[in-house]
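Novice: Attaching a single structure in structure tokens format; questions to follow.
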Amino acid sequence: MDTVDRRIIAALRTNGRVTYADLGRQVGLSASAVHERVGKLEAAGVITGYHAMVDPRAVGLDVTALVSIHPTDTADDEDVADALAELNEVESCYRVAGDESFVVKVRVATVDDLERSLSRLRRIKGVARTRSTVVLSTRFEGRPNTLDEERGTHAE
């Protein structure tokens with residue numbers, strides 16, 4: 001991956017619907033050259049998909065919580081992760097260092113729904129306890145990381 005690939009990725013993270021022609025203008029390549037590079041980035045697993053960013057409140061998901069999952073002594077992390085993946089309200093799941101095994105982001109409609117979700121989480125085999133932090137507001141989320149560009153360093 002070179003500097004041009006990184007610029008393509010940054011542009012796609014900002015606008016995944018940009019045309020190849022516009023993307024080419026941004027990075028100084030033809031549309032066909034950009035199309036080829038994007039195809040290679042997809043094939044290599046660098047670009048893993050495209051999605052629409054949706055305001056959770058606009059679709060009725062008014063409550064967000066970050067939930068730490070503390071394991072039992074005999075917990076199998078893969079089994080716990082598989083069980084977490086089965087819960088629709090679990091939007092993101094992170095394996096973390098520390099006392100907890102996972103931190104998950106849960107989105108639900110109401111506080112009552114959150115209570116039911118926490119009950120489901122606690123019933124997962126291998127979960128000893130949970131600790132929840134309810135999100136009051138979101139300042140930003142899912143923004144592209146441009147640290148590599150800002151530093152002017154490139155792992156090529």
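Just remember, in the structure tokens the first chain shown is A, the second B, etc., residues are 1-based per chain, and ligands are 1-based in the order shown.
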Would you list the contacts of Ala21 (chain A) as JSON, numbers by chain, taking every protein, DNA or RNA residue within 7 Å and counting only C-alpha atoms, but skipping same-chain residues closer than 3 positions in sequence?
Specialist: {"A": [24, 25, 30, 31]}
Novice: Can you pull out every residue from chain A that DSSP, working from the backbone, puts in strand (DSSP E or B), and format the result as a PyMOL selection string?
Specialist: chain A and resi 63-71+90-95+102-108+127-134
Novice: Restricting the output to C-alpha atoms, write the selected residues as an mmCIF file, in the first residue's frame.
Specialist:
```cif
data_model
loop_
_atom_site.group_PDB
_atom_site.id
_atom_site.type_symbol
_atom_site.label_atom_id
_atom_site.label_comp_id
_atom_site.auth_asym_id
_atom_site.auth_seq_id
_atom_site.Cartn_x
_atom_site.Cartn_y
_atom_site.Cartn_z
ATOM 1 C CA VAL A 63 -30.447 4.774 24.242
ATOM 2 C CA THR A 64 -26.782 3.851 23.818
ATOM 3 C CA ALA A 65 -24.722 2.106 26.473
ATOM 4 C CA LEU A 66 -21.161 0.842 26.700
ATOM 5 C CA VAL A 67 -21.175 -2.431 28.590
ATOM 6 C CA SER A 68 -18.102 -4.108 30.068
ATOM 7 C CA ILE A 69 -18.359 -7.892 30.112
ATOM 8 C CA HIS A 70 -16.523 -9.536 33.008
ATOM 9 C CA PRO A 71 -15.868 -13.252 32.418
ATOM 10 C CA VAL A 90 -25.007 -5.269 20.267
ATOM 11 C CA GLU A 91 -23.678 -2.908 17.620
ATOM 12 C CA SER A 92 -19.943 -3.263 18.311
ATOM 13 C CA CYS A 93 -17.836 -5.698 20.312
ATOM 14 C CA TYR A 94 -14.250 -5.067 21.387
ATOM 15 C CA ARG A 95 -11.893 -7.614 23.000
ATOM 16 C CA PHE A 102 -15.131 -7.374 26.170
ATOM 17 C CA VAL A 103 -16.679 -3.958 25.894
ATOM 18 C CA VAL A 104 -19.797 -3.824 23.742
ATOM 19 C CA LYS A 105 -21.831 -0.934 22.390
ATOM 20 C CA VAL A 106 -25.548 -1.552 22.825
ATOM 21 C CA ARG A 107 -28.239 0.527 21.101
ATOM 22 C CA VAL A 108 -31.900 0.178 22.065
ATOM 23 C CA VAL A 127 -20.383 -13.883 31.708
ATOM 24 C CA ALA A 128 -19.911 -13.313 35.431
ATOM 25 C CA ARG A 129 -21.148 -9.725 35.518
ATOM 26 C CA THR A 130 -21.506 -6.555 33.499
ATOM 27 C CA ARG A 131 -20.846 -2.887 34.135
ATOM 28 C CA SER A 132 -22.780 -0.346 32.075
ATOM 29 C CA THR A 133 -22.167 3.245 31.148
ATOM 30 C CA VAL A 134 -25.132 5.002 29.547
#
```
Novice: If you run DSSP on the backbone, which residues of chain A are alpha helix (DSSP H), as a ChimeraX atom specification?
Specialist: /A:3-14,20-27,31-43,77-85,111-122,147-151
Novice: Those residues you just picked out, can you put them in a file as a compact mmCIF listing (two decimals), in the first residue's frame with C-alpha atoms?
Specialist:
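Here's the written file again-v1.txt:
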```txt
# COMPACT_ATOMS: atom_id res chain seq x y z
CA THR A 3 0.59 7.00 -0.49
CA VAL A 4 -1.99 7.04 -3.28
CA ASP A 5 -3.77 4.01 -1.80
CA ARG A 6 -3.87 5.76 1.57
CA ARG A 7 -5.34 8.88 -0.03
CA ILE A 8 -7.96 6.77 -1.80
CA ILE A 9 -8.88 5.10 1.50
CA ALA A 10 -9.11 8.46 3.29
CA ALA A 11 -11.39 9.84 0.56
CA LEU A 12 -13.63 6.76 0.64
CA ARG A 13 -13.88 6.90 4.42
CA THR A 14 -15.13 10.47 4.09
CA TYR A 20 -14.29 6.92 -9.52
CA ALA A 21 -13.93 10.04 -11.68
CA ASP A 22 -14.14 12.36 -8.66
CA LEU A 23 -11.89 10.09 -6.64
CA GLY A 24 -9.37 10.10 -9.49
CA ARG A 25 -9.36 13.90 -9.54
CA GLN A 26 -8.73 13.96 -5.78
CA VAL A 27 -5.72 11.63 -5.97
CA ALA A 31 -11.03 6.85 -13.09
CA SER A 32 -9.96 3.46 -14.46
CA ALA A 33 -6.72 3.49 -12.46
CA VAL A 34 -8.64 4.36 -9.28
CA HIS A 35 -11.19 1.63 -10.04
CA GLU A 36 -8.37 -0.91 -10.37
CA ARG A 37 -6.72 0.22 -7.13
CA VAL A 38 -10.01 0.12 -5.21
CA GLY A 39 -10.63 -3.40 -6.54
CA LYS A 40 -7.21 -4.49 -5.32
CA LEU A 41 -7.80 -2.91 -1.91
CA GLU A 42 -11.12 -4.77 -1.67
CA ALA A 43 -9.56 -8.06 -2.78
CA ASP A 77 -13.88 -15.98 24.93
CA GLU A 78 -14.85 -17.32 21.50
CA ASP A 79 -18.10 -18.75 22.84
CA VAL A 80 -18.90 -15.47 24.61
CA ALA A 81 -18.11 -13.46 21.47
CA ASP A 82 -20.31 -15.77 19.37
CA ALA A 83 -23.18 -15.32 21.84
CA LEU A 84 -22.73 -11.53 21.82
CA ALA A 85 -22.87 -11.55 18.02
CA VAL A 111 -34.18 2.25 29.14
CA ASP A 112 -36.58 -0.68 29.67
CA ASP A 113 -35.13 -2.28 26.53
CA LEU A 114 -31.64 -1.70 27.93
CA GLU A 115 -32.62 -3.48 31.12
CA ARG A 116 -33.85 -6.49 29.10
CA SER A 117 -30.67 -6.47 27.02
CA LEU A 118 -28.49 -6.45 30.12
CA SER A 119 -30.42 -9.43 31.44
CA ARG A 120 -29.75 -11.29 28.17
CA LEU A 121 -26.05 -10.37 28.36
CA ARG A 122 -25.78 -11.67 31.92
CA LEU A 147 -3.07 10.31 11.85
CA ASP A 148 -0.84 8.74 9.20
CA GLU A 149 -1.43 11.69 6.86
CA GLU A 150 -1.05 14.31 9.59
CA ARG A 151 2.35 12.99 10.64
```
Novice: Any idea what the distance is between CA of Asn145 (chain A) and CA of Met53 (chain A)?
Specialist: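 Atom-to-atom, CA of Asn145 (chain A) to CA of Met53 (chain A), that is 16.3 Å.
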Novice: Out of A:Leu87, A:Arg143, A:Asp2, A:Gly28, which residue has the shortest atom-to-atom distance to Asn15 (chain A) when counting only C-alpha atoms?
Specialist: A:Arg143
